[in-house]
>>> print(open('work.csv').read())   # CSV, C-alpha atoms
chain,number,residue,atom,x,y,z
A,1,MET,CA,-8.1,1.3,-8.6
A,2,SER,CA,-13.0,0.3,-10.0
A,3,VAL,CA,-13.5,1.5,-13.6
A,4,VAL,CA,-17.1,1.7,-14.7
A,5,SER,CA,-18.0,-1.1,-17.0
A,6,LEU,CA,-20.7,-1.1,-19.7
A,7,PHE,CA,-22.7,-4.3,-19.9
A,8,ALA,CA,-25.0,-5.1,-22.8
A,9,CYS,CA,-27.4,-8.0,-23.3
A,10,SER,CA,-27.2,-9.9,-26.5
A,11,LEU,CA,-28.9,-12.9,-28.0
A,12,SER,CA,-26.7,-16.0,-28.4
A,13,LEU,CA,-27.3,-19.2,-30.3
A,14,GLN,CA,-26.1,-22.2,-28.3
A,15,PRO,CA,-25.8,-25.3,-30.5
A,16,HIS,CA,-25.7,-28.7,-29.0
A,17,ALA,CA,-22.2,-29.7,-27.8
A,18,HIS,CA,-22.1,-32.5,-30.4
A,19,LEU,CA,-23.3,-30.5,-33.4
A,20,SER,CA,-21.3,-28.2,-35.6
A,21,LEU,CA,-23.6,-25.6,-37.1
A,22,PRO,CA,-22.5,-23.4,-40.0
A,23,THR,CA,-22.4,-19.6,-39.3
A,24,PRO,CA,-25.1,-17.8,-41.4
A,25,PRO,CA,-23.9,-15.0,-43.7
A,26,MET,CA,-24.2,-11.4,-42.5
A,27,SER,CA,-27.1,-10.7,-44.8
A,28,THR,CA,-29.1,-13.5,-43.2
A,29,LEU,CA,-28.3,-12.2,-39.8
A,30,ARG,CA,-29.5,-8.7,-40.7
A,31,ARG,CA,-32.8,-10.1,-42.0
A,32,LEU,CA,-33.2,-12.2,-38.9
A,33,THR,CA,-32.5,-9.2,-36.7
A,34,LEU,CA,-35.2,-7.1,-38.5
A,35,THR,CA,-37.8,-9.8,-37.6
A,36,LEU,CA,-37.1,-9.4,-33.9
A,37,PRO,CA,-39.2,-7.2,-31.6
A,38,LEU,CA,-38.0,-3.6,-31.4
A,39,SER,CA,-36.8,-4.0,-27.8
A,40,PHE,CA,-34.6,-7.0,-28.8
A,41,ARG,CA,-33.3,-5.1,-31.8
A,42,ARG,CA,-32.2,-2.2,-29.7
A,43,ARG,CA,-30.3,-4.5,-27.3
A,44,PHE,CA,-28.8,-6.4,-30.2
A,45,SER,CA,-27.5,-3.0,-31.6
A,46,VAL,CA,-26.1,-2.0,-28.2
A,47,ALA,CA,-24.2,-5.3,-27.9
A,48,ALA,CA,-22.7,-4.8,-31.4
A,49,ALA,CA,-21.6,-1.3,-30.6
A,50,VAL,CA,-19.9,-2.4,-27.3
A,51,LYS,CA,-17.7,-4.8,-29.3
A,52,GLN,CA,-16.3,-1.9,-31.4
A,53,ASP,CA,-13.2,-0.2,-29.9
A,54,THR,CA,-13.7,3.5,-30.4
A,55,THR,CA,-10.7,4.5,-28.3
A,56,VAL,CA,-8.3,6.9,-29.9
A,57,TRP,CA,-4.9,5.4,-29.5
A,58,THR,CA,-1.7,7.5,-29.6
A,59,PRO,CA,1.6,5.7,-30.5
A,60,THR,CA,4.4,6.8,-28.2
A,61,PRO,CA,7.9,5.5,-27.5
A,62,ILE,CA,9.2,4.3,-24.2
A,63,SER,CA,11.9,6.4,-22.7
A,64,LEU,CA,12.7,4.3,-19.6
A,65,VAL,CA,12.0,0.9,-18.0
A,66,GLU,CA,13.8,0.0,-14.8
A,67,PRO,CA,13.1,-1.9,-11.6
A,68,ALA,CA,11.5,0.2,-8.8
A,69,ALA,CA,11.1,-2.6,-6.3
A,70,GLU,CA,10.6,-6.3,-6.3
A,71,SER,CA,7.9,-7.0,-9.0
A,72,LEU,CA,7.5,-3.3,-9.6
A,73,PHE,CA,8.9,-1.3,-12.5
A,74,HIS,CA,9.3,2.4,-13.1
A,75,VAL,CA,8.1,3.1,-16.7
A,76,ALA,CA,8.4,6.5,-18.5
A,77,ILE,CA,6.7,7.2,-21.8
A,78,ASP,CA,7.8,10.0,-24.1
A,79,ILE,CA,4.7,12.2,-25.0
A,80,SER,CA,6.7,15.2,-26.2
A,81,ASP,CA,5.1,14.9,-29.6
A,82,SER,CA,1.6,14.5,-28.2
A,83,PRO,CA,0.8,17.9,-26.6
A,84,ASP,CA,-2.9,17.3,-26.5
A,85,LEU,CA,-2.4,14.1,-24.6
A,86,ALA,CA,0.0,15.8,-22.1
A,87,ALA,CA,-2.5,18.7,-21.6
A,88,SER,CA,-5.3,16.2,-20.8
A,89,HIS,CA,-3.6,15.3,-17.5
A,90,THR,CA,-5.0,17.9,-15.3
A,91,ARG,CA,-5.4,16.2,-11.9
A,92,PRO,CA,-3.4,13.8,-9.8
A,93,GLY,CA,-5.1,10.5,-9.6
A,94,GLN,CA,-6.1,10.3,-13.2
A,95,TYR,CA,-5.3,7.2,-15.3
A,96,LEU,CA,-5.3,5.9,-18.8
A,97,GLN,CA,-5.1,2.7,-20.9
A,98,LEU,CA,-1.9,1.4,-22.3
A,99,ARG,CA,-1.5,-1.2,-25.1
A,100,VAL,CA,1.6,-3.1,-26.2
A,101,PRO,CA,2.1,-4.6,-29.7
A,102,GLN,CA,2.2,-8.2,-28.4
A,103,SER,CA,-1.3,-8.0,-26.9
A,104,PRO,CA,-4.6,-6.3,-27.9
A,105,LYS,CA,-5.7,-6.3,-24.3
A,106,PRO,CA,-5.0,-2.9,-22.7
A,107,SER,CA,-3.9,-2.3,-19.1
A,108,PHE,CA,-5.3,0.5,-16.9
A,109,LEU,CA,-2.5,2.5,-15.2
A,110,ALA,CA,-2.6,5.4,-12.8
A,111,ILE,CA,-0.2,8.2,-13.8
A,112,ALA,CA,2.5,8.5,-11.1
A,113,SER,CA,4.0,11.8,-12.2
A,114,PRO,CA,2.3,15.1,-11.4
A,115,PRO,CA,0.4,16.9,-14.2
A,116,SER,CA,3.0,19.6,-14.5
A,117,PHE,CA,5.6,17.0,-15.3
A,118,ALA,CA,4.0,16.2,-18.7
A,119,ALA,CA,4.4,19.8,-19.7
A,120,THR,CA,7.9,20.4,-18.4
A,121,ALA,CA,9.5,17.0,-19.2
A,122,GLY,CA,7.3,15.7,-21.9
A,123,GLU,CA,6.7,12.4,-20.2
A,124,PHE,CA,4.2,10.3,-18.3
A,125,GLU,CA,5.6,8.2,-15.5
A,126,PHE,CA,4.0,5.0,-14.2
A,127,LEU,CA,4.7,2.4,-11.4
A,128,VAL,CA,3.8,-0.9,-13.0
A,129,LYS,CA,3.3,-4.2,-11.2
A,130,SER,CA,4.5,-7.1,-13.4
A,131,ILE,CA,2.0,-9.9,-13.2
A,132,ALA,CA,2.6,-13.1,-15.0
A,133,GLY,CA,0.7,-13.4,-18.3
A,134,SER,CA,-0.6,-9.8,-18.2
A,135,THR,CA,-0.1,-6.8,-20.5
A,136,ALA,CA,1.8,-5.2,-17.6
A,137,GLU,CA,4.4,-8.1,-17.7
A,138,LEU,CA,4.9,-7.5,-21.5
A,139,LEU,CA,5.3,-3.8,-20.9
A,140,CYS,CA,7.9,-4.3,-18.2
A,141,ALA,CA,9.9,-6.5,-20.7
A,142,LEU,CA,10.1,-3.7,-23.3
A,143,LYS,CA,13.1,-1.3,-23.8
A,144,LYS,CA,13.8,2.3,-24.5
A,145,GLY,CA,12.5,3.2,-28.0
A,146,ASP,CA,9.9,0.5,-28.2
A,147,VAL,CA,6.5,1.9,-29.2
A,148,ILE,CA,3.4,1.4,-27.2
A,149,GLU,CA,-0.1,3.0,-27.5
A,150,LEU,CA,-1.8,5.3,-25.0
A,151,SER,CA,-5.5,6.1,-24.7
A,152,PRO,CA,-6.7,9.6,-23.6
A,153,VAL,CA,-6.3,10.4,-20.0
A,154,MET,CA,-9.4,9.2,-18.0
A,155,GLY,CA,-11.1,9.8,-14.7
A,156,ASN,CA,-11.7,12.8,-12.5
A,157,GLY,CA,-8.6,12.2,-10.2
A,158,PHE,CA,-8.5,13.4,-6.7
A,159,ASP,CA,-10.8,16.4,-6.2
A,160,VAL,CA,-8.5,18.2,-3.8
A,161,ASP,CA,-10.9,21.2,-3.7
A,162,ARG,CA,-13.1,19.1,-1.4
A,163,ILE,CA,-10.3,19.3,1.3
A,164,SER,CA,-9.4,22.9,0.7
A,165,PRO,CA,-8.4,25.5,1.7
A,166,PRO,CA,-5.6,24.1,3.9
A,167,GLU,CA,-6.4,26.5,6.7
A,168,GLU,CA,-9.8,24.7,7.1
A,169,TYR,CA,-8.6,21.2,6.6
A,170,GLN,CA,-5.5,21.0,8.7
A,171,THR,CA,-5.4,17.2,8.8
A,172,VAL,CA,-5.0,15.1,5.6
A,173,LEU,CA,-4.5,11.3,6.0
A,174,MET,CA,-3.2,9.4,2.9
A,175,PHE,CA,-3.3,5.6,2.5
A,176,ALA,CA,-1.7,3.5,-0.1
A,177,THR,CA,-0.7,-0.2,-0.6
A,178,GLY,CA,1.6,-1.7,-3.3
A,179,SER,CA,1.4,0.1,-6.7
A,180,GLY,CA,-1.4,2.2,-5.3
A,181,ILE,CA,1.3,4.6,-4.2
A,182,SER,CA,1.4,5.8,-7.9
A,183,PRO,CA,-1.4,8.4,-7.8
A,184,ILE,CA,-0.5,9.3,-4.2
A,185,ARG,CA,3.0,10.3,-5.5
A,186,SER,CA,1.3,12.4,-8.1
A,187,LEU,CA,-0.7,14.2,-5.5
A,188,ILE,CA,2.2,14.8,-3.1
A,189,GLU,CA,4.4,16.1,-5.9
A,190,SER,CA,1.7,18.3,-7.4
A,191,GLY,CA,1.5,20.2,-4.2
A,192,PHE,CA,-1.7,20.4,-2.3
A,193,GLY,CA,-0.7,22.7,0.5
A,194,ALA,CA,0.8,20.1,2.8
A,195,ASP,CA,3.3,22.6,4.2
A,196,LYS,CA,0.3,24.8,5.2
A,197,ARG,CA,-1.4,22.0,7.2
A,198,SER,CA,-0.5,20.9,10.7
A,199,ASP,CA,-0.9,17.1,10.2
A,200,VAL,CA,-0.4,15.3,6.9
A,201,ARG,CA,0.4,11.6,7.1
A,202,LEU,CA,1.0,8.9,4.5
A,203,TYR,CA,0.4,5.3,5.6
A,204,TYR,CA,2.2,3.2,2.9
A,205,GLY,CA,1.9,-0.5,3.1
A,206,ALA,CA,4.0,-3.3,1.5
A,207,ARG,CA,5.1,-6.8,2.3
A,208,ASN,CA,8.7,-5.7,3.1
A,209,LEU,CA,11.1,-3.0,2.1
A,210,GLN,CA,12.2,-5.0,-1.0
A,211,ARG,CA,8.6,-4.5,-2.3
A,212,MET,CA,8.3,-0.8,-1.3
A,213,ALA,CA,8.8,1.6,-4.2
A,214,TYR,CA,9.8,5.3,-4.0
A,215,GLN,CA,11.9,5.0,-0.8
A,216,ASP,CA,14.3,7.4,-2.4
A,217,ARG,CA,11.6,10.0,-2.5
A,218,PHE,CA,10.6,9.8,1.1
A,219,GLU,CA,13.0,12.5,2.2
A,220,TYR,CA,11.6,14.9,-0.4
A,221,TRP,CA,8.0,14.1,0.5
A,222,GLU,CA,8.8,14.8,4.2
A,223,ALA,CA,10.4,18.1,3.2
A,224,THR,CA,7.1,19.1,1.6
A,225,GLY,CA,5.2,18.5,4.9
A,226,VAL,CA,4.2,14.8,4.5
A,227,LYS,CA,5.0,12.4,7.4
A,228,VAL,CA,5.7,9.0,5.8
A,229,VAL,CA,4.7,6.0,7.9
A,230,PRO,CA,5.8,2.8,6.2
A,231,VAL,CA,3.8,-0.3,7.3
A,232,LEU,CA,5.3,-3.8,6.5
A,233,SER,CA,3.1,-6.9,6.7
A,234,ASP,CA,6.1,-9.3,6.6
A,235,PRO,CA,9.2,-7.4,7.6
A,236,ASP,CA,12.7,-8.6,7.7
A,237,GLU,CA,14.4,-9.2,11.0
A,238,GLY,CA,15.5,-5.9,12.6
A,239,TRP,CA,12.6,-3.8,11.3
A,240,THR,CA,11.4,-1.4,14.1
A,241,GLY,CA,8.7,0.4,12.3
A,242,GLU,CA,5.0,-0.3,12.0
A,243,THR,CA,4.0,-3.9,11.1
A,244,GLY,CA,0.8,-5.6,9.9
A,245,TYR,CA,-1.7,-3.9,7.6
A,246,VAL,CA,-2.2,-0.2,6.9
A,247,GLN,CA,-5.7,-0.1,8.4
A,248,ALA,CA,-4.5,-1.7,11.7
A,249,ALA,CA,-1.5,0.6,12.0
A,250,PHE,CA,-3.8,3.6,11.4
A,251,SER,CA,-6.4,2.4,13.9
A,252,LYS,CA,-3.6,2.2,16.5
A,253,LEU,CA,-2.1,5.6,15.8
A,254,LYS,CA,-5.0,7.6,14.3
A,255,GLN,CA,-5.0,10.6,16.7
A,256,ILE,CA,-7.7,12.5,14.8
A,257,VAL,CA,-8.0,15.8,16.7
A,258,SER,CA,-10.8,17.4,14.7
A,259,PRO,CA,-12.8,15.1,12.4
A,260,LYS,CA,-14.7,18.1,10.8
A,261,SER,CA,-11.4,19.5,9.6
A,262,THR,CA,-9.9,16.2,8.4
A,263,GLY,CA,-9.6,14.9,4.8
A,264,ALA,CA,-8.3,11.6,3.5
A,265,VAL,CA,-7.0,10.2,0.3
A,266,LEU,CA,-7.0,6.4,-0.5
A,267,CYS,CA,-5.6,4.2,-3.2
A,268,GLY,CA,-4.8,0.5,-3.0
A,269,HIS,CA,-6.4,-2.8,-2.0
A,270,LYS,CA,-10.2,-2.8,-1.8
A,271,GLN,CA,-10.2,-4.2,1.7
A,272,MET,CA,-7.8,-1.6,3.0
A,273,ALA,CA,-9.9,1.2,1.4
A,274,GLU,CA,-13.2,-0.1,2.8
A,275,GLU,CA,-11.8,-0.6,6.4
A,276,VAL,CA,-10.1,2.7,6.5
A,277,THR,CA,-13.2,4.5,5.2
A,278,SER,CA,-15.2,2.7,8.0
A,279,ILE,CA,-12.7,3.8,10.7
A,280,LEU,CA,-12.7,7.4,9.5
A,281,THR,CA,-16.5,7.8,9.2
A,282,VAL,CA,-17.1,6.2,12.6
A,283,ASP,CA,-14.8,8.8,14.0
A,284,GLY,CA,-16.8,11.6,12.4
A,285,VAL,CA,-14.9,12.3,9.2
A,286,SER,CA,-17.3,13.2,6.4
A,287,GLY,CA,-17.5,10.7,3.6
A,288,ASP,CA,-17.4,13.6,1.1
A,289,LYS,CA,-13.9,14.4,2.4
A,290,ILE,CA,-12.5,10.9,1.7
A,291,LEU,CA,-11.0,11.1,-1.8
A,292,LYS,CA,-10.5,8.1,-4.2
A,293,ASN,CA,-9.4,8.2,-7.8
A,294,PHE,CA,-11.7,5.5,-9.1
>>> encode(input="work.csv", output="structure tokens")
Amino acid sequence: MSVVSLFACSLSLQPHAHLSLPTPPMSTLRRLTLTLPLSFRRRFSVAAAVKQDTTVWTPTPISLVEPAAESLFHVAIDISDSPDLAASHTRPGQYLQLRVPQSPKPSFLAIASPPSFAATAGEFEFLVKSIAGSTAELLCALKKGDVIELSPVMGNGFDVDRISPPEEYQTVLMFATGSGISPIRSLIESGFGADKRSDVRLYYGARNLQRMAYQDRFEYWEATGVKVVPVLSDPDEGWTGETGYVQAAFSKLKQIVSPKSTGAVLCGHKQMAEEVTSILTVDGVSGDKILKNF
């Protein structure tokens, strides 16, 4: 999931390791700043602005936290009292920042529910990977009724118009690994004309079935016209499906009939996304038809 970062240069005073220098008062710092050349003052001002958090945070209660798979949690947030926030989710693949009371460091999360769900159910749903020491771990330990904070919805999401109309783009190949299935779920359940296309496949990778979320939704996704291809890198004994990594499984099964009428959607590990993109473009799929949400 690569969010654009803003980097600013700033001046820093580095005292000797064995010295303890007093911090000058703000008035002194301001006078010192005014003596600097204009170019340095501009960079100093930018650096100070970057440190200020101008994000508008909306307090919202949690409505559900439950296991979705090993190390993955299904989290639902009640936004019924925040209609503007709900209305800002307009495309599958968008994301936001989430902040918990125990940590000032926000976590970036892709919204797993389709945009229409916010309006009809008054909730955002997420698939969250609990990583030790992270904000996500703190979030997954919270309970119904606990209040967290959400930023406005961010990103352009998946621009499905680039692989529309369905009659012209009969093949759509989707790829996801781990919690990267979140925005793919949003896309599938938003409806993008899968039932009007002849070949829509989802290659979904995980270590094993215990780590694969949304298995209870596979039947529904298939009913909408999406062929689900689970790919396990370390399957349990008895598994008869695809094994290894998503990119390898796709390379073996790809069967791209018409590259010019093929689109793709990717979300997950960077290496997977890069390798799948390379395979597709070498086979003639236009890079403009390969959609990513970050």
>>> residues_around(input="work.csv", residues="segment 210-214 of chain A", least_positions_apart="2", cutoff="7 Å", atoms="all atoms listed in the file", output="MDAnalysis selection string")
chainID A and resid 68:70 206:208 216:218
>>> closest_residue(input="work.csv", among="A:Asp236, A:Glu167, A:Asp161, A:Glu189", to="Asp288 of chain A", atoms="all atoms listed in the file")
A:Asp161
>>> residues_around(input="work.csv", residues="Ser258 of chain A", least_positions_apart="5", cutoff="12 Å", atoms="all atoms listed in the file", output="list in words")
Glu168, Tyr169, Gln170, Thr171, Val172, Ser198, Asp199, Gly263, Leu280, Asp283, Gly284, Val285 and Ser286 of chain A
>>> closest_residue(input="work.csv", among="A:Val100, A:Val153, A:Ile290, A:Val276", to="Ser251 of chain A", atoms="all atoms listed in the file")
A:Val276
>>> closest_residue(input="work.csv", among="A:Leu109, A:Leu139, A:Val265, A:Leu173", to="Arg197 of chain A", atoms="only C-alpha atoms")
A:Leu173
>>> residues_around(input="work.csv", residues="Tyr95 of chain A", least_positions_apart="2", cutoff="8 Å", atoms="all atoms listed in the file", output="PyMOL selection string")
chain A and resi 93+97+108-111+153-155+157
>>> write_last_selection(input="work.csv", atoms="C-alpha atoms", output="compact mmCIF listing (two decimals), in the coordinates of the input")
# COMPACT_ATOMS: atom_id res chain seq x y z
CA GLY A 93 -5.10 10.50 -9.60
CA GLN A 97 -5.10 2.70 -20.90
CA PHE A 108 -5.30 0.50 -16.90
CA LEU A 109 -2.50 2.50 -15.20
CA ALA A 110 -2.60 5.40 -12.80
CA ILE A 111 -0.20 8.20 -13.80
CA VAL A 153 -6.30 10.40 -20.00
CA MET A 154 -9.40 9.20 -18.00
CA GLY A 155 -11.10 9.80 -14.70
CA GLY A 157 -8.60 12.20 -10.20
>>> atom_distance(input="work.csv", atom1="atom CA of Ser116 of chain A", atom2="atom CA of Leu142 of chain A")
25.9 Å
>>> residues_around(input="work.csv", residues="Val246 of chain A", least_positions_apart="4", cutoff="7 Å", atoms="all atoms listed in the file", output="PyMOL selection string")
chain A and resi 203-205+231+250+272
>>> closest_residue(input="work.csv", among="A:Leu266, A:Leu202, A:Ser233, A:Ser80", to="Lys254 of chain A", atoms="only C-alpha atoms")
A:Leu202
>>> atom_distance(input="work.csv", atom1="atom CA of Leu187 of chain A", atom2="atom CA of Met174 of chain A")
10.0 Å
>>> closest_residue(input="work.csv", among="A:Ser261, A:Gly225, A:Thr177, A:Pro152", to="Ser88 of chain A", atoms="all atoms listed in the file")
A:Pro152
>>> atom_distance(input="work.csv", atom1="atom CA of Phe158 of chain A", atom2="atom CA of Gln94 of chain A")
7.6 Å
>>> closest_residue(input="work.csv", among="A:Gly238, A:Gly268, A:Gly191, A:Pro183", to="Ala112 of chain A", atoms="all atoms listed in the file")
A:Pro183
>>> residues_around(input="work.csv", residues="Ile148 of chain A", least_positions_apart="6", cutoff="7 Å", atoms="all atoms listed in the file", output="mmCIF file with C-alpha atoms, in the frame of the given file")
data_model
loop_
_atom_site.group_PDB
_atom_site.id
_atom_site.type_symbol
_atom_site.label_atom_id
_atom_site.label_comp_id
_atom_site.auth_asym_id
_atom_site.auth_seq_id
_atom_site.Cartn_x
_atom_site.Cartn_y
_atom_site.Cartn_z
ATOM 1 C CA PRO A 59 1.600 5.700 -30.500
ATOM 2 C CA THR A 60 4.400 6.800 -28.200
ATOM 3 C CA PRO A 61 7.900 5.500 -27.500
ATOM 4 C CA ARG A 99 -1.500 -1.200 -25.100
ATOM 5 C CA VAL A 100 1.600 -3.100 -26.200
ATOM 6 C CA PRO A 101 2.100 -4.600 -29.700
#
